[in-house]
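> Have a look at this one before I ask anything.
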Amino acid sequence: MSTQTVTAAVYRGDKTFSVEERTAPEPGPGEVRLAIAYCGICGTDMHVYHGNMDARVGFDRVLGHEMSAVVESLGEGVEGFTPGQRVVVRPLQPCGECPACTAGHSHICHKLKFLGLDTDGALQGLWSVPAHTLHHLPDGLALAHAALIEPLAVACHDVRLSGLTDGEDAVVIGGGPIGVLVAIAARAAGGNVVISEVNEHRLSVAQAMGFNTINPREANLAEAINTRTNGKAAEVVFEVSGTQAGVDAMTAVAGTRARIVMVAIHAQKPQIDLFQFFWRELKLIGARVYEPEDYERAISLLAQGAVDAERFITDISPLSEVQAAFEALDRSPTAMKSMIKVGDFD
């Protein structure tokens, strides 16, 4: 196995990336080295770009975890993979020893390392990762589309934890990238889904994907949901906006014994109408990242065409233009998913 030099985009702080040549580390025991095809830019990456996570990631970090790749080489002891296979990474490295891990909930490990944040990630030509993080891709699934699997797995986890069943009414508060993916996963589970969003462009994207939408700045959301459900309100609510207005809305649209899933990360502690939890016996469910079954569900949904990937992917930039891609995404009120093309496989 020869040492190779690859191009990597390195976060240097102050909204700056340096595109440079680096030596790609050989895969260690139990690891697989991947040739990266595509890598999406997610909301967490934008938090890093804005300097909000400098204490965690430092100033010599290769970001990227929403990705697709081809197996390049195997470390010692790896079975089940061969060079040339197309894969995605579930970018979680648990400790295996904490109470969460020993209870079977390693995705929320107390010492969880998130690959691409706590370690170098996929914005580089070659990336070595633990073999246990890999999922095979089906034949015929475009590698650009496959880079949507990680955020779609987030949505699948949210919907699975909600317990949504066929025919239930669901409201998704927030129509950004994750919100739309949650809506797609909820619809695939049989839910009657309404998306609440204030951005007109995002509303138009959701409508083009076949969703009923409400702009809460133009209509009373709770009244509209009650009208749609004959006064029953929603059985399931997903708070994806990360705003106080969204938290206010989540209890307003929730029906008797509804389940509310907290998807968004709230930077400030929101005020929650706890009276409604008492009055209607509501349940609040926390949902973080994903488990292996959520990845498999996401892969299946994408392969079945449940996601209009061509519409969802707003733009694709080469790795050499990663700085411009982050700057453009930061300015754009309309982008859904910006993608970086790292390697030439399609």
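Residues are named by chain letter and number: chains run A, B, ... in the order of the structure tokens, numbers start at 1 in each chain, and ligands are numbered from 1 in the order shown.
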At a cut-off of 9 Å, can you tabulate as a tab-separated table every residue of segment 176-269 of chain A near segment 151-170 of chain A together with its closest atom pair and the distance in Å to one decimal, using only C-alpha atoms and ordering rows by chain then number?

residue	atom	partner	partner_atom	distance
A:Pro177	CA	A:Pro151	CA	8.3
A:Ile178	CA	A:Pro151	CA	6.7
A:Gly179	CA	A:Ala155	CA	8.0
A:Val180	CA	A:Ala155	CA	8.8
A:Leu181	CA	A:Ala155	CA	5.8
A:Val182	CA	A:Ala155	CA	4.4
A:Ala183	CA	A:Ala155	CA	8.0
A:Ile184	CA	A:Ala155	CA	8.3
A:Ala185	CA	A:Cys156	CA	5.7
A:Ala186	CA	A:Val159	CA	5.9
A:Arg187	CA	A:Asp166	CA	8.9
A:Ala189	CA	A:Asp166	CA	6.2
A:Gly190	CA	A:Asp166	CA	4.1
A:Gly191	CA	A:Glu168	CA	5.1
A:Asn192	CA	A:Asp169	CA	4.7
A:Val193	CA	A:Ala170	CA	4.8
A:Val194	CA	A:Ala170	CA	6.4
A:Ile195	CA	A:Ala170	CA	8.6
A:Thr229	CA	A:Asp169	CA	7.5
A:Ala233	CA	A:Asp169	CA	7.6
A:Ala234	CA	A:Asp169	CA	5.0
A:Glu235	CA	A:Asp169	CA	5.6
A:Val236	CA	A:Ala170	CA	4.7
A:Val237	CA	A:Ala170	CA	5.6
A:Phe238	CA	A:Ala170	CA	7.7
A:Arg259	CA	A:Ser162	CA	6.3
A:Ile260	CA	A:Ser162	CA	7.4
A:Val261	CA	A:Ser162	CA	6.3
A:Met262	CA	A:Asp158	CA	8.4
A:Val263	CA	A:Asp158	CA	6.9
> Would you return as an NGL selection string the members of segment 72-289 of chain A that DSSP assigns to strand (DSSP E or B) on this structure's backbone?
:A and (72-74 or 86-89 or 92-93 or 113-114 or 124 or 126-130 or 134-136 or 169-173 or 192-196 or 212-214 or 234-239 or 254-262 or 283-286)
> For those residues, write N, CA and C atoms to a file as a short mmCIF file (atom, residue, chain, number, x, y, z; two decimals), in the first residue's frame.

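To be explicit, this is the file written out as out09.cif:
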data_model
loop_
_atom_site.label_atom_id
_atom_site.label_comp_id
_atom_site.auth_asym_id
_atom_site.auth_seq_id
_atom_site.Cartn_x
_atom_site.Cartn_y
_atom_site.Cartn_z
N GLU A 72 -11.29 2.28 -1.21
CA GLU A 72 -9.99 2.34 -1.88
C GLU A 72 -9.06 1.22 -1.40
N SER A 73 -8.98 0.99 -0.08
CA SER A 73 -8.11 -0.07 0.45
C SER A 73 -8.59 -0.44 1.85
N LEU A 74 -8.14 -1.59 2.33
CA LEU A 74 -8.59 -2.13 3.60
C LEU A 74 -7.44 -2.26 4.58
N ARG A 86 -19.12 0.84 -3.41
CA ARG A 86 -19.62 2.19 -3.11
C ARG A 86 -20.30 2.17 -1.75
N VAL A 87 -19.97 3.16 -0.92
CA VAL A 87 -20.43 3.16 0.47
C VAL A 87 -20.73 4.58 0.95
N VAL A 88 -21.38 4.63 2.11
CA VAL A 88 -21.50 5.87 2.88
C VAL A 88 -21.05 5.57 4.31
N VAL A 89 -20.75 6.64 5.04
CA VAL A 89 -20.25 6.53 6.41
C VAL A 89 -21.31 7.03 7.38
N LEU A 92 -20.16 8.08 13.42
CA LEU A 92 -20.19 8.05 14.88
C LEU A 92 -19.17 7.05 15.41
N GLN A 93 -18.37 7.49 16.36
CA GLN A 93 -17.39 6.62 17.00
C GLN A 93 -17.63 6.62 18.51
N LYS A 113 -17.54 10.52 19.66
CA LYS A 113 -16.77 11.30 18.71
C LYS A 113 -17.53 11.31 17.39
N PHE A 114 -17.71 12.52 16.86
CA PHE A 114 -18.41 12.68 15.59
C PHE A 114 -17.36 12.88 14.51
N GLN A 124 -11.75 15.69 1.68
CA GLN A 124 -10.40 15.34 1.24
C GLN A 124 -10.51 14.12 0.34
N LEU A 126 -8.89 11.19 0.13
CA LEU A 126 -8.89 9.89 0.78
C LEU A 126 -9.14 10.07 2.27
N TRP A 127 -9.96 9.18 2.84
CA TRP A 127 -10.37 9.29 4.24
C TRP A 127 -10.42 7.90 4.84
N SER A 128 -9.72 7.69 5.94
CA SER A 128 -9.73 6.39 6.62
C SER A 128 -10.70 6.44 7.79
N VAL A 129 -11.61 5.45 7.85
CA VAL A 129 -12.65 5.41 8.88
C VAL A 129 -12.78 3.99 9.42
N PRO A 130 -13.32 3.83 10.63
CA PRO A 130 -13.58 2.48 11.13
C PRO A 130 -14.58 1.75 10.23
N LEU A 134 -19.47 1.88 8.08
CA LEU A 134 -19.80 1.85 6.65
C LEU A 134 -21.13 1.15 6.36
N HIS A 135 -21.82 1.67 5.35
CA HIS A 135 -23.02 1.04 4.81
C HIS A 135 -22.87 0.92 3.30
N HIS A 136 -23.21 -0.24 2.77
CA HIS A 136 -23.15 -0.47 1.33
C HIS A 136 -24.24 0.31 0.61
N ASP A 169 -51.95 12.48 11.40
CA ASP A 169 -51.64 13.84 10.94
C ASP A 169 -50.37 14.32 11.62
N ALA A 170 -49.45 14.84 10.82
CA ALA A 170 -48.16 15.31 11.33
C ALA A 170 -47.89 16.71 10.82
N VAL A 171 -47.32 17.53 11.70
CA VAL A 171 -46.90 18.88 11.34
C VAL A 171 -45.40 18.99 11.51
N VAL A 172 -44.73 19.46 10.48
CA VAL A 172 -43.29 19.72 10.53
C VAL A 172 -43.12 21.23 10.60
N ILE A 173 -42.55 21.71 11.70
CA ILE A 173 -42.35 23.14 11.90
C ILE A 173 -40.93 23.49 11.47
N ASN A 192 -50.01 12.04 7.15
CA ASN A 192 -50.56 13.17 6.41
C ASN A 192 -49.82 14.41 6.89
N VAL A 193 -48.92 14.91 6.06
CA VAL A 193 -47.92 15.87 6.51
C VAL A 193 -48.23 17.28 6.04
N VAL A 194 -48.09 18.23 6.96
CA VAL A 194 -48.14 19.66 6.64
C VAL A 194 -46.83 20.28 7.10
N ILE A 195 -46.24 21.12 6.26
CA ILE A 195 -45.00 21.83 6.61
C ILE A 195 -45.33 23.28 6.89
N SER A 196 -44.86 23.77 8.04
CA SER A 196 -44.99 25.18 8.40
C SER A 196 -43.65 25.86 8.18
N ASN A 212 -48.40 19.75 1.47
CA ASN A 212 -49.24 20.85 1.91
C ASN A 212 -48.41 21.75 2.82
N THR A 213 -48.54 23.05 2.65
CA THR A 213 -47.73 23.98 3.42
C THR A 213 -48.58 25.10 4.00
N ILE A 214 -48.08 25.71 5.07
CA ILE A 214 -48.71 26.88 5.68
C ILE A 214 -47.61 27.86 6.04
N ALA A 234 -52.87 17.75 15.47
CA ALA A 234 -51.89 16.77 14.99
C ALA A 234 -51.57 15.72 16.04
N GLU A 235 -51.39 14.48 15.57
CA GLU A 235 -50.92 13.42 16.47
C GLU A 235 -49.42 13.49 16.69
N VAL A 236 -48.70 13.99 15.68
CA VAL A 236 -47.24 14.06 15.75
C VAL A 236 -46.79 15.43 15.27
N VAL A 237 -45.86 16.03 16.01
CA VAL A 237 -45.30 17.34 15.65
C VAL A 237 -43.78 17.24 15.70
N PHE A 238 -43.12 17.79 14.69
CA PHE A 238 -41.66 17.83 14.64
C PHE A 238 -41.23 19.29 14.70
N GLU A 239 -40.47 19.66 15.74
CA GLU A 239 -39.96 21.03 15.85
C GLU A 239 -38.57 21.06 15.23
N ALA A 254 -50.61 20.62 18.67
CA ALA A 254 -50.60 19.24 19.14
C ALA A 254 -51.96 18.85 19.70
N GLY A 255 -52.46 17.71 19.24
CA GLY A 255 -53.74 17.21 19.72
C GLY A 255 -53.59 16.39 20.99
N THR A 256 -54.67 15.79 21.41
CA THR A 256 -54.68 14.97 22.61
C THR A 256 -53.66 13.83 22.52
N ARG A 257 -52.80 13.75 23.54
CA ARG A 257 -51.75 12.72 23.63
C ARG A 257 -50.83 12.71 22.41
N ALA A 258 -50.64 13.86 21.81
CA ALA A 258 -49.72 13.97 20.68
C ALA A 258 -48.28 13.75 21.13
N ARG A 259 -47.45 13.34 20.17
CA ARG A 259 -46.02 13.20 20.41
C ARG A 259 -45.30 14.32 19.69
N ILE A 260 -44.50 15.06 20.44
CA ILE A 260 -43.71 16.16 19.88
C ILE A 260 -42.25 15.74 19.87
N VAL A 261 -41.62 15.79 18.70
CA VAL A 261 -40.22 15.40 18.56
C VAL A 261 -39.38 16.66 18.41
N MET A 262 -38.41 16.81 19.32
CA MET A 262 -37.51 17.96 19.27
C MET A 262 -36.33 17.59 18.36
N LYS A 283 -46.47 14.26 24.88
CA LYS A 283 -45.15 13.66 25.10
C LYS A 283 -44.12 14.45 24.31
N LEU A 284 -42.99 14.75 24.96
CA LEU A 284 -41.88 15.42 24.28
C LEU A 284 -40.75 14.42 24.13
N ILE A 285 -40.29 14.23 22.90
CA ILE A 285 -39.28 13.20 22.58
C ILE A 285 -38.03 13.88 22.05
N GLY A 286 -36.91 13.61 22.67
CA GLY A 286 -35.63 14.07 22.14
C GLY A 286 -35.12 13.10 21.09
#
> Would you please extract all alpha helix (DSSP H) residues from segment 35-99 of chain A, as assigned by DSSP on the backbone, and give them as an MDAnalysis selection string?
chainID A and resid 43:49 54:57 99
> Which residues are near Ala328 of chain A? Cut-off 12 Å, only C-alpha atoms, ignore same chain within fewer than 5 positions. Put them as a list in words.
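Once the adjacent positions are removed, what remains is Ile41, Met46, Thr314, Asp315, Ile316, Ser317, Glu321, Val322, Gln323, Pro333, Thr334, Ala335, Lys337, Ser338 and Met339 of chain A.
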> Using only C-alpha atoms, please write the residues we just selected to a file, as a PDB file, in the first residue's frame.

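Produced file out13.pdb, reproduced below:
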ATOM      1  CA  ILE A  41     -22.377  21.051   3.587  1.00  0.00           C
ATOM      2  CA  MET A  46     -21.906  26.312   8.858  1.00  0.00           C
ATOM      3  CA  THR A 314     -29.144  23.180  -4.997  1.00  0.00           C
ATOM      4  CA  ASP A 315     -25.577  23.346  -6.316  1.00  0.00           C
ATOM      5  CA  ILE A 316     -22.379  21.310  -6.682  1.00  0.00           C
ATOM      6  CA  SER A 317     -18.914  22.874  -6.438  1.00  0.00           C
ATOM      7  CA  GLU A 321     -13.840  26.112  -4.645  1.00  0.00           C
ATOM      8  CA  VAL A 322     -14.890  25.099  -1.121  1.00  0.00           C
ATOM      9  CA  GLN A 323     -14.292  28.611   0.232  1.00  0.00           C
ATOM     10  CA  PRO A 333     -31.720  32.397   1.713  1.00  0.00           C
ATOM     11  CA  THR A 334     -32.900  29.821  -0.826  1.00  0.00           C
ATOM     12  CA  ALA A 335     -30.322  26.998  -0.880  1.00  0.00           C
ATOM     13  CA  LYS A 337     -28.324  21.364  -0.054  1.00  0.00           C
ATOM     14  CA  SER A 338     -24.955  22.552  -1.327  1.00  0.00           C
ATOM     15  CA  MET A 339     -22.621  19.759  -2.355  1.00  0.00           C
TER      16      MET A 339
END
> With a distance cut-off of 9 Å and only C-alpha atoms, select the neighbouring residues of Pro270 of chain A, excluding the residue or stretch itself and same-chain residues fewer than 3 positions from it, and output the selection as a PDB file with C-alpha atoms, in the first residue's frame.

ATOM      1  CA  THR A 243     -36.905  29.181  17.165  1.00  0.00           C
ATOM      2  CA  GLN A 244     -39.077  30.299  20.055  1.00  0.00           C
ATOM      3  CA  VAL A 247     -41.640  25.980  20.214  1.00  0.00           C
ATOM      4  CA  HIS A 266     -31.833  25.433  20.319  1.00  0.00           C
ATOM      5  CA  ALA A 267     -28.933  27.772  21.073  1.00  0.00           C
TER       6      ALA A 267
END
> Point out the residue among A:Ile36, A:Val198, A:Val253, A:Ala309 with the least atom-to-atom distance to Gly174 of chain A, counting only C-alpha atoms.
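Using only C-alpha atoms, Gly174 of chain A sits closest to A:Val198.
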> Excluding Gly96 of chain A and its own-chain neighbours fewer than 2 positions away, which residues fall within 10 Å of it when counting only C-alpha atoms? Please give them as number ranges by chain.
A: 93-94, 98-106, 109-112
> For Arg217 of chain A, find every residue with an atom within 12 Å (counting only C-alpha atoms), except residues of its own chain fewer than 2 positions away, and show them as a VMD selection string.
chain A and resid 196 to 200 214 to 215 219 to 221 245 249
> Go ahead and save the residues from that selection, with N, CA and C atoms, as a PDB file, in the first residue's frame.

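File produced: result.pdb:
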ATOM      1  N   SER A 196     -44.861  23.766   8.038  1.00  0.00           N
ATOM      2  CA  SER A 196     -44.989  25.182   8.397  1.00  0.00           C
ATOM      3  C   SER A 196     -43.648  25.863   8.182  1.00  0.00           C
ATOM      4  N   GLU A 197     -43.632  26.923   7.374  1.00  0.00           N
ATOM      5  CA  GLU A 197     -42.374  27.596   7.013  1.00  0.00           C
ATOM      6  C   GLU A 197     -42.678  29.032   6.630  1.00  0.00           C
ATOM      7  N   VAL A 198     -41.753  29.950   6.945  1.00  0.00           N
ATOM      8  CA  VAL A 198     -41.960  31.369   6.638  1.00  0.00           C
ATOM      9  C   VAL A 198     -41.217  31.806   5.378  1.00  0.00           C
ATOM     10  N   ASN A 199     -40.231  31.037   4.931  1.00  0.00           N
ATOM     11  CA  ASN A 199     -39.447  31.384   3.746  1.00  0.00           C
ATOM     12  C   ASN A 199     -40.220  30.956   2.499  1.00  0.00           C
ATOM     13  N   GLU A 200     -40.537  31.918   1.651  1.00  0.00           N
ATOM     14  CA  GLU A 200     -41.374  31.623   0.483  1.00  0.00           C
ATOM     15  C   GLU A 200     -40.712  30.651  -0.486  1.00  0.00           C
ATOM     16  N   ILE A 214     -48.081  25.711   5.069  1.00  0.00           N
ATOM     17  CA  ILE A 214     -48.714  26.876   5.681  1.00  0.00           C
ATOM     18  C   ILE A 214     -47.614  27.860   6.041  1.00  0.00           C
ATOM     19  N   ASN A 215     -47.815  29.115   5.708  1.00  0.00           N
ATOM     20  CA  ASN A 215     -46.934  30.182   6.161  1.00  0.00           C
ATOM     21  C   ASN A 215     -47.567  30.802   7.409  1.00  0.00           C
ATOM     22  N   ALA A 219     -51.176  33.013   8.052  1.00  0.00           N
ATOM     23  CA  ALA A 219     -52.359  32.321   8.551  1.00  0.00           C
ATOM     24  C   ALA A 219     -52.094  31.853   9.970  1.00  0.00           C
ATOM     25  N   ASN A 220     -53.141  31.716  10.757  1.00  0.00           N
ATOM     26  CA  ASN A 220     -53.017  31.185  12.107  1.00  0.00           C
ATOM     27  C   ASN A 220     -52.784  29.683  11.999  1.00  0.00           C
ATOM     28  N   LEU A 221     -51.596  29.254  12.368  1.00  0.00           N
ATOM     29  CA  LEU A 221     -51.205  27.867  12.151  1.00  0.00           C
ATOM     30  C   LEU A 221     -52.108  26.899  12.903  1.00  0.00           C
ATOM     31  N   ALA A 245     -40.637  30.820  18.262  1.00  0.00           N
ATOM     32  CA  ALA A 245     -41.931  30.746  17.590  1.00  0.00           C
ATOM     33  C   ALA A 245     -42.295  29.305  17.258  1.00  0.00           C
ATOM     34  N   ALA A 249     -45.435  27.125  18.627  1.00  0.00           N
ATOM     35  CA  ALA A 249     -46.345  26.471  17.687  1.00  0.00           C
ATOM     36  C   ALA A 249     -46.489  24.982  17.978  1.00  0.00           C
TER      37      ALA A 249
END
> Would you kindly return, as an mmCIF file with C-alpha atoms, in the first residue's frame, each protein, DNA or RNA residue with an atom no farther than 9 Å from any atom of Phe59 of chain A, considering only C-alpha atoms and excluding same-chain residues fewer than 3 positions away?

data_model
loop_
_atom_site.group_PDB
_atom_site.id
_atom_site.type_symbol
_atom_site.label_atom_id
_atom_site.label_comp_id
_atom_site.auth_asym_id
_atom_site.auth_seq_id
_atom_site.Cartn_x
_atom_site.Cartn_y
_atom_site.Cartn_z
ATOM 1 C CA VAL A 10 -8.723 22.539 5.992
ATOM 2 C CA TYR A 11 -10.688 24.856 8.293
ATOM 3 C CA ARG A 12 -8.362 27.609 9.583
ATOM 4 C CA GLY A 13 -10.819 29.721 11.569
ATOM 5 C CA ASP A 54 -13.663 26.622 17.331
#
